[in-house]
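K.L.:
Below is the file run22.txt, which contains compact mmCIF, C-alpha atoms.
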```txt
# COMPACT_ATOMS: atom_id res chain seq x y z
CA MET A 1 149.46 254.13 -11.79
CA LEU A 2 146.15 252.69 -12.89
CA THR A 3 143.41 255.23 -12.21
CA LYS A 4 140.01 254.76 -10.63
CA ARG A 5 137.29 254.95 -13.26
CA ILE A 6 134.16 257.10 -13.33
CA ILE A 7 131.42 255.52 -15.44
CA PRO A 8 128.14 257.20 -16.38
CA CYS A 9 125.37 254.71 -17.17
CA LEU A 10 122.73 255.36 -19.82
CA ASP A 11 119.48 253.38 -19.83
CA ILE A 12 118.28 252.82 -23.37
CA LYS A 13 114.81 251.94 -24.59
CA ASP A 14 114.05 251.61 -28.31
CA GLY A 15 117.29 253.41 -29.10
CA ARG A 16 116.61 256.42 -26.83
CA THR A 17 117.81 257.33 -23.34
CA VAL A 18 115.10 256.60 -20.81
CA LYS A 19 115.70 259.05 -18.03
CA GLY A 20 115.82 262.67 -19.08
CA THR A 21 118.75 264.98 -18.63
CA ASN A 22 119.02 268.66 -17.96
CA PHE A 23 121.99 269.38 -20.15
CA VAL A 24 121.02 272.51 -21.97
CA ASP A 25 123.71 272.16 -24.60
CA LEU A 26 122.40 268.92 -26.08
CA ARG A 27 120.51 269.24 -29.33
CA ASP A 28 118.65 266.01 -28.60
CA ALA A 29 118.63 265.04 -24.94
CA GLY A 30 117.21 261.62 -25.78
CA ASP A 31 120.02 260.65 -28.11
CA PRO A 32 122.40 258.25 -26.34
CA VAL A 33 125.17 259.02 -28.82
CA GLU A 34 125.13 262.73 -28.18
CA LEU A 35 125.00 262.28 -24.42
CA GLY A 36 127.76 259.64 -24.52
CA ALA A 37 130.01 261.89 -26.57
CA LEU A 38 129.41 264.74 -24.12
CA TYR A 39 130.44 262.54 -21.18
CA ALA A 40 133.54 261.41 -23.06
CA LYS A 41 134.46 265.03 -23.66
CA GLN A 42 133.94 265.84 -19.98
CA GLY A 43 136.39 263.13 -18.98
CA ALA A 44 134.27 260.06 -18.28
CA ASP A 45 136.52 257.00 -18.35
CA GLU A 46 134.02 254.57 -19.79
CA LEU A 47 130.33 254.37 -20.54
CA VAL A 48 127.73 251.70 -19.87
CA PHE A 49 124.64 251.45 -22.06
CA LEU A 50 121.93 249.32 -20.55
CA ASP A 51 119.23 248.31 -23.00
CA ILE A 52 115.85 247.82 -21.38
CA THR A 53 113.99 247.37 -24.65
CA ALA A 54 111.38 244.77 -23.97
CA THR A 55 111.10 243.03 -27.30
CA VAL A 56 113.53 240.90 -29.25
CA GLU A 57 112.42 242.54 -32.52
CA LYS A 58 113.95 245.78 -31.35
CA ARG A 59 117.38 244.21 -30.88
CA LYS A 60 118.41 245.34 -34.33
CA THR A 61 117.94 248.93 -33.15
CA LEU A 62 120.50 248.27 -30.44
CA VAL A 63 123.13 246.99 -32.86
CA GLU A 64 122.67 250.04 -35.04
CA LEU A 65 122.90 252.26 -31.98
CA VAL A 66 126.12 250.55 -30.87
CA ARG A 67 127.62 251.21 -34.24
CA ARG A 68 126.74 254.90 -33.99
CA ILE A 69 128.18 255.09 -30.48
CA ALA A 70 131.43 253.46 -31.61
CA ARG A 71 131.67 255.91 -34.46
CA HIS A 72 131.27 259.04 -32.31
CA VAL A 73 132.55 258.16 -28.84
CA ASN A 74 136.31 257.92 -28.30
CA ILE A 75 136.33 256.03 -24.99
CA PRO A 76 135.48 252.38 -24.20
CA PHE A 77 131.89 251.32 -23.63
CA THR A 78 129.97 248.33 -22.33
CA VAL A 79 126.57 247.24 -23.58
CA GLY A 80 124.18 245.21 -21.45
CA GLY A 81 120.57 244.13 -21.32
CA GLY A 82 118.99 240.92 -22.55
CA ILE A 83 122.22 239.36 -23.82
CA SER A 84 122.05 235.57 -23.81
CA SER A 85 124.07 234.13 -26.68
CA ILE A 86 127.37 234.21 -28.55
CA ALA A 87 125.50 235.60 -31.56
CA ASP A 88 124.15 238.54 -29.50
CA VAL A 89 127.63 239.36 -28.27
CA ASN A 90 129.27 238.92 -31.64
CA ALA A 91 126.92 241.45 -33.22
CA LEU A 92 127.66 244.02 -30.49
CA LEU A 93 131.45 243.58 -30.49
CA GLU A 94 131.58 243.52 -34.30
CA ASN A 95 129.91 246.89 -34.31
CA GLY A 96 132.36 248.46 -31.92
CA ALA A 97 131.29 247.70 -28.32
CA ASP A 98 134.30 246.99 -26.11
CA LYS A 99 132.58 244.85 -23.51
CA ILE A 100 129.20 243.33 -22.92
CA SER A 101 127.48 242.66 -19.63
CA VAL A 102 125.38 239.64 -18.78
CA ASN A 103 123.10 239.22 -15.81
CA THR A 104 119.99 237.00 -15.67
CA ALA A 105 120.95 234.78 -18.61
CA ALA A 106 124.33 234.05 -17.02
CA PHE A 107 122.77 233.17 -13.70
CA LYS A 108 120.38 230.73 -15.37
CA ASP A 109 123.17 229.25 -17.51
CA PRO A 110 126.52 229.92 -15.82
CA GLU A 111 128.39 228.12 -18.63
CA LEU A 112 127.38 231.05 -20.84
CA ILE A 113 130.14 233.05 -19.12
CA THR A 114 132.72 230.43 -20.05
CA ARG A 115 131.50 230.20 -23.63
CA LEU A 116 131.69 233.97 -24.01
CA ALA A 117 135.11 234.18 -22.34
CA ASN A 118 136.50 231.44 -24.59
CA GLU A 119 135.10 233.03 -27.70
CA PHE A 120 135.86 236.70 -27.04
CA GLY A 121 138.21 236.81 -24.03
CA SER A 122 137.42 237.48 -20.37
CA GLN A 123 138.31 241.15 -20.76
CA CYS A 124 135.04 241.84 -22.56
CA VAL A 125 132.75 239.77 -20.33
CA VAL A 126 131.28 241.82 -17.49
CA LEU A 127 129.01 240.07 -15.03
CA ALA A 128 126.32 242.40 -13.71
CA ILE A 129 124.82 241.46 -10.35
CA ASP A 130 121.79 243.10 -8.77
CA THR A 131 121.97 242.37 -5.09
CA LYS A 132 119.90 243.15 -2.03
CA GLN A 133 120.68 242.81 1.63
CA GLU A 134 117.85 241.05 3.43
CA ALA A 135 116.83 241.19 7.07
CA ASP A 136 119.18 238.28 7.82
CA GLY A 137 122.09 240.54 6.87
CA GLU A 138 123.01 238.47 3.80
CA TRP A 139 123.30 239.87 0.28
CA TYR A 140 121.20 237.89 -2.22
CA VAL A 141 121.24 237.82 -6.00
CA TYR A 142 118.18 239.20 -7.77
CA LEU A 143 117.28 238.63 -11.42
CA ASN A 144 115.11 240.22 -14.11
CA GLY A 145 116.02 243.77 -13.25
CA GLY A 146 115.57 243.18 -9.53
CA ARG A 147 112.13 241.61 -9.75
CA THR A 148 113.05 238.01 -8.94
CA LYS A 149 114.79 236.92 -5.76
CA THR A 150 117.14 233.93 -5.78
CA PRO A 151 118.50 231.98 -2.83
CA SER A 152 122.08 232.59 -4.05
CA ARG A 153 124.44 234.80 -2.16
CA CYS A 154 126.05 237.64 -4.01
CA PHE A 155 129.63 236.82 -3.01
CA ASP A 156 129.30 233.14 -3.93
CA TRP A 157 127.87 233.92 -7.35
CA ALA A 158 130.50 236.58 -8.05
CA LYS A 159 133.29 234.18 -7.07
CA GLN A 160 131.87 231.40 -9.22
CA ALA A 161 131.45 233.78 -12.18
CA VAL A 162 135.09 234.85 -11.97
CA GLU A 163 136.14 231.19 -11.96
CA LEU A 164 133.96 230.67 -15.04
CA GLY A 165 135.68 233.51 -16.86
CA ALA A 166 134.01 236.84 -16.03
CA GLY A 167 136.56 239.63 -16.45
CA GLU A 168 134.83 242.27 -14.37
CA ILE A 169 131.93 242.54 -11.92
CA LEU A 170 129.35 245.31 -12.07
CA LEU A 171 127.77 245.27 -8.64
CA THR A 172 124.51 247.13 -8.03
CA SER A 173 123.08 247.34 -4.54
CA MET A 174 119.30 247.51 -4.74
CA ASN A 175 119.20 248.81 -1.17
CA HIS A 176 121.26 251.82 -2.20
CA ASP A 177 120.21 252.40 -5.80
CA GLY A 178 118.40 255.71 -6.23
CA MET A 179 118.81 256.67 -2.56
CA LYS A 180 121.82 258.96 -3.10
CA GLN A 181 123.06 258.05 0.39
CA GLY A 182 126.31 256.45 -0.68
CA PHE A 183 127.41 253.14 -2.20
CA ALA A 184 127.14 249.76 -0.45
CA LEU A 185 130.60 249.80 1.06
CA ASP A 186 130.61 246.43 2.82
CA ILE A 187 129.60 244.14 -0.05
CA THR A 188 131.64 246.17 -2.55
CA LYS A 189 134.70 245.85 -0.33
CA ARG A 190 134.18 242.14 0.13
CA LEU A 191 134.08 241.57 -3.62
CA ALA A 192 136.81 244.07 -4.50
CA GLU A 193 139.26 242.62 -2.00
CA ASN A 194 138.58 238.95 -2.59
CA LEU A 195 138.13 238.69 -6.35
CA SER A 196 140.96 238.77 -8.87
CA VAL A 197 139.04 240.97 -11.31
CA PRO A 198 137.98 244.64 -11.15
CA VAL A 199 134.75 245.57 -9.38
CA ILE A 200 132.52 248.43 -10.53
CA ALA A 201 130.37 249.78 -7.71
CA SER A 202 126.89 250.95 -8.63
CA GLY A 203 123.91 252.34 -6.75
CA GLY A 204 123.80 255.13 -4.20
CA GLY A 205 126.29 257.71 -5.41
CA GLY A 206 124.74 261.06 -4.56
CA LYS A 207 127.60 263.26 -3.39
CA MET A 208 131.25 263.48 -4.36
CA GLU A 209 132.16 262.19 -0.93
CA HIS A 210 130.40 258.90 -1.72
CA PHE A 211 132.77 258.30 -4.61
CA LYS A 212 135.76 259.01 -2.39
CA ASP A 213 134.44 256.51 0.16
CA VAL A 214 133.77 253.73 -2.32
CA PHE A 215 137.33 254.04 -3.64
CA ASN A 216 139.10 254.57 -0.32
CA GLN A 217 137.04 252.43 2.02
CA ALA A 218 135.65 249.74 -0.28
CA ASN A 219 138.55 249.57 -2.72
CA ALA A 220 136.28 249.65 -5.80
CA ASP A 221 138.07 249.86 -9.13
CA ALA A 222 135.37 251.98 -10.71
CA ALA A 223 132.16 253.71 -9.74
CA LEU A 224 129.04 253.95 -11.85
CA ALA A 225 126.16 256.39 -11.60
CA ALA A 226 123.34 257.63 -13.79
CA SER A 227 120.94 260.39 -12.80
CA ILE A 228 123.39 262.47 -10.78
CA PHE A 229 125.38 262.89 -13.99
CA HIS A 230 122.35 263.22 -16.27
CA PHE A 231 120.92 265.99 -14.11
CA ASN A 232 124.31 267.56 -13.58
CA GLU A 233 124.07 267.28 -9.80
CA ILE A 234 127.71 266.27 -10.00
CA SER A 235 129.80 267.20 -13.00
CA ILE A 236 132.52 264.80 -14.02
CA PRO A 237 135.35 267.38 -14.17
CA GLU A 238 134.39 268.63 -10.70
CA LEU A 239 134.23 265.08 -9.33
CA LYS A 240 137.67 264.23 -10.71
CA GLU A 241 139.11 267.43 -9.30
CA TYR A 242 137.71 266.52 -5.89
CA LEU A 243 139.00 262.94 -6.03
CA GLU A 244 142.47 264.12 -7.03
CA LEU A 245 142.52 266.52 -4.08
CA ASN A 246 141.75 263.50 -1.93
CA ASN A 247 144.73 261.60 -3.34
CA ILE A 248 142.70 259.19 -5.43
CA PRO A 249 144.36 258.53 -8.79
CA VAL A 250 142.10 259.71 -11.62
CA ARG A 251 142.63 260.54 -15.26
CA LYS A 252 142.33 264.22 -16.01
CA MET B 253 147.63 258.29 -48.37
CA SER B 254 146.43 254.68 -48.34
CA ILE B 255 145.93 253.08 -44.95
CA VAL B 256 145.39 249.37 -44.49
CA ILE B 257 144.15 247.60 -41.39
CA ILE B 258 145.20 243.97 -41.39
CA LYS B 259 142.21 241.69 -41.18
CA TYR B 260 142.68 238.64 -39.03
CA ASN B 261 140.90 236.73 -36.28
CA ALA B 262 141.22 239.44 -33.68
CA GLY B 263 138.58 241.88 -32.60
CA ASN B 264 138.15 245.64 -32.47
CA ILE B 265 138.87 246.35 -36.13
CA ARG B 266 135.71 248.43 -36.39
CA SER B 267 136.88 250.62 -33.48
CA VAL B 268 140.14 251.38 -35.27
CA LEU B 269 138.26 252.24 -38.45
CA PHE B 270 135.97 254.59 -36.56
CA ALA B 271 138.86 256.26 -34.73
CA LEU B 272 140.54 256.97 -38.06
CA GLU B 273 137.24 258.28 -39.39
CA ARG B 274 137.05 260.70 -36.43
CA ILE B 275 140.37 262.21 -37.45
CA GLY B 276 139.22 262.43 -41.05
CA LEU B 277 140.92 259.34 -42.50
CA GLU B 278 139.71 256.32 -44.39
CA ALA B 279 141.23 252.88 -44.21
CA VAL B 280 140.78 249.57 -45.98
CA VAL B 281 140.45 246.34 -44.00
CA THR B 282 142.12 243.49 -45.84
CA ASP B 283 144.14 240.28 -45.58
CA ASP B 284 145.31 240.55 -49.18
CA ALA B 285 149.12 240.45 -49.18
CA GLU B 286 149.54 242.65 -52.23
CA GLN B 287 147.20 245.32 -50.91
CA ILE B 288 148.99 245.30 -47.55
CA ARG B 289 152.41 245.63 -49.21
CA ARG B 290 151.28 248.56 -51.36
CA ALA B 291 149.74 250.61 -48.52
CA ASP B 292 151.41 253.79 -47.23
CA ARG B 293 150.57 252.90 -43.64
CA VAL B 294 149.69 249.56 -42.09
CA ILE B 295 147.81 249.12 -38.83
CA PHE B 296 147.95 245.74 -37.11
CA PRO B 297 145.28 245.84 -34.40
CA GLY B 298 144.14 243.11 -32.10
CA VAL B 299 142.18 241.90 -29.16
CA GLY B 300 142.51 238.19 -28.69
CA GLU B 301 144.83 235.34 -27.90
CA ALA B 302 148.42 235.08 -29.18
CA SER B 303 148.75 231.45 -30.33
CA SER B 304 145.51 231.31 -32.33
CA ALA B 305 146.29 234.69 -33.88
CA MET B 306 149.78 233.50 -34.94
CA LEU B 307 148.32 230.30 -36.36
CA TYR B 308 145.82 232.29 -38.38
CA LEU B 309 148.54 234.60 -39.74
CA LYS B 310 150.80 231.66 -40.68
CA GLU B 311 148.04 229.77 -42.45
CA ARG B 312 147.52 232.79 -44.68
CA LYS B 313 151.29 233.43 -44.96
CA LEU B 314 150.69 236.87 -43.47
CA ASP B 315 153.47 236.35 -40.93
CA LYS B 316 156.14 236.80 -43.57
CA VAL B 317 154.24 239.60 -45.29
CA ILE B 318 154.10 241.61 -42.06
CA LYS B 319 157.75 241.05 -41.12
CA ASP B 320 158.95 242.26 -44.53
CA LEU B 321 156.92 245.46 -44.65
CA GLN B 322 158.94 248.59 -45.38
CA GLN B 323 156.37 251.34 -44.69
CA PRO B 324 155.41 252.51 -41.18
CA VAL B 325 153.53 249.72 -39.35
CA LEU B 326 151.62 250.23 -36.09
CA GLY B 327 150.80 247.24 -33.89
CA ILE B 328 148.09 247.86 -31.31
CA CYS B 329 147.71 245.74 -28.15
CA LEU B 330 147.86 242.10 -29.30
CA GLY B 331 149.20 243.42 -32.61
CA MET B 332 152.19 244.89 -30.78
CA GLN B 333 152.73 241.71 -28.78
CA LEU B 334 152.69 239.61 -31.96
CA LEU B 335 155.47 241.83 -33.36
CA CYS B 336 157.62 240.74 -30.40
CA LYS B 337 159.87 237.67 -30.28
CA TYR B 338 157.99 235.40 -27.93
CA SER B 339 154.85 235.44 -25.78
CA GLU B 340 154.22 233.48 -22.63
CA GLU B 341 150.58 233.33 -23.69
CA ASN B 342 150.30 229.67 -24.66
CA ASP B 343 154.06 229.54 -25.25
CA THR B 344 153.90 231.28 -28.62
CA ALA B 345 156.75 232.14 -30.98
CA CYS B 346 155.79 235.50 -32.47
CA LEU B 347 157.00 237.54 -35.45
CA GLY B 348 160.29 238.65 -33.90
CA VAL B 349 160.37 242.19 -35.27
CA PHE B 350 161.00 243.53 -31.77
CA ASP B 351 163.69 241.76 -29.79
CA VAL B 352 161.40 241.63 -26.77
CA ASN B 353 159.61 238.94 -24.77
CA VAL B 354 155.99 239.18 -23.69
CA LYS B 355 155.25 238.01 -20.15
CA LYS B 356 152.22 237.56 -17.97
CA PHE B 357 151.52 239.97 -15.12
CA SER B 358 151.83 238.12 -11.87
CA ALA B 359 149.45 238.96 -9.06
CA GLY B 360 152.01 237.72 -6.53
CA ASN B 361 151.46 239.40 -3.21
CA THR B 362 150.74 242.78 -4.76
CA GLY B 363 147.02 242.13 -5.06
CA LEU B 364 147.06 243.37 -8.65
CA LYS B 365 143.96 242.63 -10.66
CA ILE B 366 144.62 240.82 -13.89
CA PRO B 367 143.89 241.86 -16.61
CA GLN B 368 144.86 245.46 -16.12
CA ILE B 369 141.71 247.28 -17.23
CA GLY B 370 141.60 251.05 -17.37
CA TRP B 371 143.52 254.25 -17.83
CA ASN B 372 147.18 254.34 -16.93
CA LYS B 373 149.96 256.85 -17.35
CA VAL B 374 152.23 256.63 -20.36
CA GLU B 375 155.74 257.97 -19.71
CA VAL B 376 157.21 258.94 -23.03
CA VAL B 377 160.78 259.30 -24.06
CA ALA B 378 161.02 261.94 -26.81
CA HIS B 379 159.46 260.18 -29.74
CA PRO B 380 157.66 261.28 -32.93
CA LEU B 381 154.72 258.96 -32.21
CA PHE B 382 154.01 261.01 -29.08
CA LYS B 383 154.33 264.47 -30.59
CA ASP B 384 151.93 266.92 -28.84
CA ILE B 385 151.17 264.37 -26.13
CA ALA B 386 151.61 265.88 -22.67
CA GLU B 387 154.06 264.19 -20.32
CA GLY B 388 152.24 261.53 -18.30
CA SER B 389 149.11 261.41 -20.45
CA TYR B 390 146.66 258.61 -19.75
CA CYS B 391 145.74 255.90 -22.22
CA TYR B 392 143.32 252.97 -22.03
CA PHE B 393 144.78 249.52 -21.39
CA VAL B 394 143.21 246.06 -21.35
CA HIS B 395 145.78 243.28 -21.08
CA SER B 396 147.13 240.40 -19.02
CA TYR B 397 150.49 240.17 -20.80
CA TYR B 398 153.13 242.87 -21.17
CA ALA B 399 156.26 243.56 -23.22
CA GLU B 400 159.48 243.76 -21.20
CA LEU B 401 161.63 246.86 -21.14
CA SER B 402 164.23 246.92 -23.90
CA PRO B 403 166.40 249.31 -25.92
CA GLU B 404 163.42 249.39 -28.33
CA THR B 405 161.11 250.81 -25.63
CA ALA B 406 159.50 254.09 -26.73
CA ALA B 407 157.24 254.61 -23.69
CA THR B 408 156.81 252.97 -20.32
CA THR B 409 153.90 252.37 -17.97
CA GLU B 410 153.78 250.98 -14.47
CA TYR B 411 151.47 248.25 -13.27
CA GLY B 412 153.17 246.41 -10.44
CA ILE B 413 156.27 246.57 -12.60
CA LYS B 414 157.42 248.93 -15.31
CA PHE B 415 156.80 247.62 -18.83
CA SER B 416 157.01 248.81 -22.44
CA SER B 417 153.77 250.56 -23.33
CA ALA B 418 155.27 251.49 -26.71
CA LEU B 419 158.05 250.00 -28.82
CA GLN B 420 159.80 251.07 -31.98
CA LYS B 421 162.33 249.52 -34.29
CA ASP B 422 162.98 250.99 -37.74
CA ASN B 423 159.60 251.31 -39.48
CA PHE B 424 157.76 249.23 -36.87
CA TYR B 425 155.83 250.87 -34.03
CA GLY B 426 153.79 249.22 -31.33
CA VAL B 427 151.52 250.44 -28.55
CA GLN B 428 150.11 248.29 -25.78
CA PHE B 429 147.21 250.62 -25.05
CA HIS B 430 144.19 251.08 -27.28
CA THR B 431 144.89 254.25 -29.25
CA GLU B 432 141.44 253.88 -30.79
CA LYS B 433 139.77 254.14 -27.36
CA SER B 434 142.12 256.56 -25.59
CA ALA B 435 140.11 259.74 -26.11
CA LYS B 436 141.99 262.77 -27.46
CA ALA B 437 145.44 261.40 -26.60
CA GLY B 438 144.77 258.24 -28.58
CA GLU B 439 143.54 260.14 -31.61
CA THR B 440 146.64 262.34 -31.53
CA ILE B 441 148.90 259.28 -31.46
CA LEU B 442 147.06 257.75 -34.42
CA LYS B 443 147.39 261.03 -36.28
CA ASN B 444 151.11 261.18 -35.47
CA PHE B 445 151.56 257.69 -36.85
CA ILE B 446 149.84 258.60 -40.09
CA GLU B 447 151.96 261.76 -40.37
CA LEU B 448 155.31 260.04 -39.67
```
Represent the structure from my file as structure tokens, please.

P.N.:
Amino acid sequence: MLTKRIIPCLDIKDGRTVKGTNFVDLRDAGDPVELGALYAKQGADELVFLDITATVEKRKTLVELVRRIARHVNIPFTVGGGISSIADVNALLENGADKISVNTAAFKDPELITRLANEFGSQCVVLAIDTKQEADGEWYVYLNGGRTKTPSRCFDWAKQAVELGAGEILLTSMNHDGMKQGFALDITKRLAENLSVPVIASGGGGKMEHFKDVFNQANADAALAASIFHFNEISIPELKEYLELNNIPVRK
Amino acid sequence: MSIVIIKYNAGNIRSVLFALERIGLEAVVTDDAEQIRRADRVIFPGVGEASSAMLYLKERKLDKVIKDLQQPVLGICLGMQLLCKYSEENDTACLGVFDVNVKKFSAGNTGLKIPQIGWNKVEVVAHPLFKDIAEGSYCYFVHSYYAELSPETAATTEYGIKFSSALQKDNFYGVQFHTEKSAKAGETILKNFIEL
């Protein structure tokens, strides 16, 4: 049986992890490679590296970092942040990334998804959506790291992106992100149950119970979190043990 | 021990190189027929699409080179599927080493997501490729097409239906999952292949 995936996310700036960690056994807590390898060893199923480096000149740093990650980490990983062309993606995949994620650039030029899927295959094209539920109850798409609102509805954009060739959706609820009160179950469920591709739920995981709920109630294929893993509030082996006890298939 | 990774128009070659490096081995990436023939071990990786990959191999006459290899050969993912007889992916005649057809997963009414992406259980029949691999170990899969069950099946996995997650015939081995991305289990399988 295919297992539910647990995915730690690392934010990267200028080749370093942005948020700190409190792992005492890391030699260099800011080194994404060392942290990634530790998560892999603990049983993480995949990793996501999100590059928030502001300048294009620093992109070369990212490619070199990807190559180091691929060399030392023995599980699949996705790289996202500022990707807008076939050339960007080619450099990342060539150096050992398994998937890439696109967000703002894909929204502004939806055909980008198709071009990437045709060139590299849908399986490596992840569409990341930042979404926020407004007072009218609807979930809207936000761009530029959540700074820019669009009139598009999250479900409509996700559906269109899958038709264009996206192989997976990484869904982040801005209402839930950082709150540690649980994932956005309703919108995750709507996407997970109506799209033909896997959905990764992100934003809000604070307790082990939240992961159980997003798998059981919202039918997510994977769940992503950052600081709760970085600060060891939840350890991956412990989380997997808990999920298994709750009859959720996980890899151990 | 000389290890060759066949270079062709399919991705993830770097990942295979790095995985070998992690278990202390070096490999050469080449499409040179003579170098491939002389190698002690040949790895035929692949992420991509069947018909364009076959076309590429034929244009460089690598199809015949691969079929005639005598040393242990390991096909990974698309590499394994190309070693089969036929693939439904764009109606492609493949190399025919394995007497097996490759079919597309059908979502049907099962609600299965296609491609299968993630970690799934590999049920192994006693096989040297899986030495030291615990029963029901998990490996990482990314695929929309699968090899049918056959007498050449060396391991099975279930995703809606049961399919061949590993095949073997004579000196040819194939795995559907990505050994190079399957954590410790994957590295052990790669090591087993090299030590065959």

K.L.:
Calculated over all atoms listed in the file, which of the candidates B:Val256, B:Ala285, B:Ile295, B:Leu272 has the smallest distance to chain A?

P.N.:
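Answer, going by the shortest atom-to-atom distance: B:Leu272.
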
K.L.:
May I have the residues within 8 Å of region 317-322 of chain B as JSON, numbers by chain, using all atoms listed in the file and disregarding those fewer than 6 positions away in the same chain?

P.N.:
{"B": [285, 289, 347, 349, 423]}

K.L.:
Which centre and edge lengths in Å to one decimal define the box along x, y and z that fits every listed atom of region 259-276 of chain B plus 3 Å per side, as AutoDock Vina command-line options?

P.N.:
```
--center_x 139.2 --center_y 249.6 --center_z -36.8 --size_x 13.0 --size_y 31.7 --size_z 14.7
```

K.L.:
Chain B residues within 8 Å of chain A, counting all atoms listed in the file: which ones, as a count of residues only?

P.N.:
31

K.L.:
Just the residues within 10 Å of Tyr260 (chain B), please, counting all atoms listed in the file, with nothing from its chain fewer than 6 positions along; format it as an MDAnalysis selection string.

P.N.:
chainID B and resid 281:283 296:298 305:306 308:309 312 314

K.L.:
Env of Asp88 (chain A): 10 Å cut, atoms = all atoms listed in the file, seq-sep filter 5 positions within chain, self excluded. Answer as a JSON list (two decimals) with C-alpha atoms, in the coordinates of the input.

P.N.:
```
[["chain", "number", "residue", "atom", "x", "y", "z"],
["A", 59, "ARG", "CA", 117.38, 244.21, -30.88],
["A", 63, "VAL", "CA", 123.13, 246.99, -32.86],
["A", 82, "GLY", "CA", 118.99, 240.92, -22.55],
["A", 83, "ILE", "CA", 122.22, 239.36, -23.82],
["A", 93, "LEU", "CA", 131.45, 243.58, -30.49],
["A", 100, "ILE", "CA", 129.20, 243.33, -22.92]]
```

K.L.:
Report as an NGL selection string all protein, DNA and RNA residues lying within 8 Å of Gly327 (chain B), evaluated on all atoms listed in the file, omitting residues in the same chain fewer than 2 positions from it.

P.N.:
:B and (295-297 or 325 or 329-333 or 335 or 424-427)

K.L.:
Using CA of Leu38 (chain A) and CA of Phe231 (chain A) as the two end points, give the distance in Å to one decimal.

P.N.:
13.2 Å

K.L.:
Ranking A:Ser84, A:Asn175, A:Thr17, A:Gln181 by minimum distance to Tyr140 (chain A) and counting all atoms listed in the file, which one comes first?

P.N.:
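Nearest to Tyr140 (chain A): A:Asn175.
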
K.L.:
Select, from A:Gly15, A:Gly36, A:Gly30, A:Gly182, the residue with the minimum atom-to-atom distance to Phe229 (chain A), counting all atoms listed in the file.

P.N.:
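Nearest candidate to Phe229 (chain A) out of A:Gly15, A:Gly36, A:Gly30, A:Gly182: A:Gly36.
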
K.L.:
Work out how far apart CA of Thr148 (chain A) and CA of Val79 (chain A) are and give it in Å to one decimal.

P.N.:
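According to the coordinates, CA of Thr148 (chain A) and CA of Val79 (chain A) are separated by 22.0 Å.
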
K.L.:
Can you work out the spacing between CA of Thr53 (chain A) and CA of Ala225 (chain A) in Å, to one decimal?

P.N.:
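CA of Ala225 (chain A) lies 20.0 Å from CA of Thr53 (chain A).
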
K.L.:
Point out the residue among A:Lys240, A:Arg147, A:Lys99, A:Lys212 with the least atom-to-atom distance to Thr131 (chain A), counting only C-alpha atoms.

P.N.:
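Smallest separation from Thr131 (chain A) among the options: A:Arg147.
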
K.L.:
Any idea what's packed within 12 Å of Ser227 (chain A), counting all atoms listed in the file, ignoring anything in its chain fewer than 5 positions away? Could you give it as a tab-separated table (two decimals) with C-alpha atoms, in the coordinates of the input?

P.N.:
```tsv
chain	number	residue	atom	x	y	z
A	7	ILE	CA	131.42	255.52	-15.44
A	8	PRO	CA	128.14	257.20	-16.38
A	9	CYS	CA	125.37	254.71	-17.17
A	10	LEU	CA	122.73	255.36	-19.82
A	11	ASP	CA	119.48	253.38	-19.83
A	17	THR	CA	117.81	257.33	-23.34
A	18	VAL	CA	115.10	256.60	-20.81
A	19	LYS	CA	115.70	259.05	-18.03
A	20	GLY	CA	115.82	262.67	-19.08
A	21	THR	CA	118.75	264.98	-18.63
A	22	ASN	CA	119.02	268.66	-17.96
A	23	PHE	CA	121.99	269.38	-20.15
A	177	ASP	CA	120.21	252.40	-5.80
A	178	GLY	CA	118.40	255.71	-6.23
A	179	MET	CA	118.81	256.67	-2.56
A	180	LYS	CA	121.82	258.96	-3.10
A	202	SER	CA	126.89	250.95	-8.63
A	203	GLY	CA	123.91	252.34	-6.75
A	204	GLY	CA	123.80	255.13	-4.20
A	205	GLY	CA	126.29	257.71	-5.41
A	206	GLY	CA	124.74	261.06	-4.56
A	207	LYS	CA	127.60	263.26	-3.39
A	232	ASN	CA	124.31	267.56	-13.58
A	233	GLU	CA	124.07	267.28	-9.80
A	234	ILE	CA	127.71	266.27	-10.00
A	235	SER	CA	129.80	267.20	-13.00
```

K.L.:
From the set A:Gly81, A:Glu244, A:Phe211, A:Ala161, which residue has the shortest atom-to-atom contact distance to Asp109 (chain A), counting all atoms listed in the file?

P.N.:
A:Ala161

K.L.:
From (154.1, 234.2, -33.3), in the file's coordinates, out to 9 Å: which residues are reached, counting all atoms listed in the file? Answer as a ChimeraX atom specification.

P.N.:
/B:302-303,305-307,309-310,315,333-339,344-348
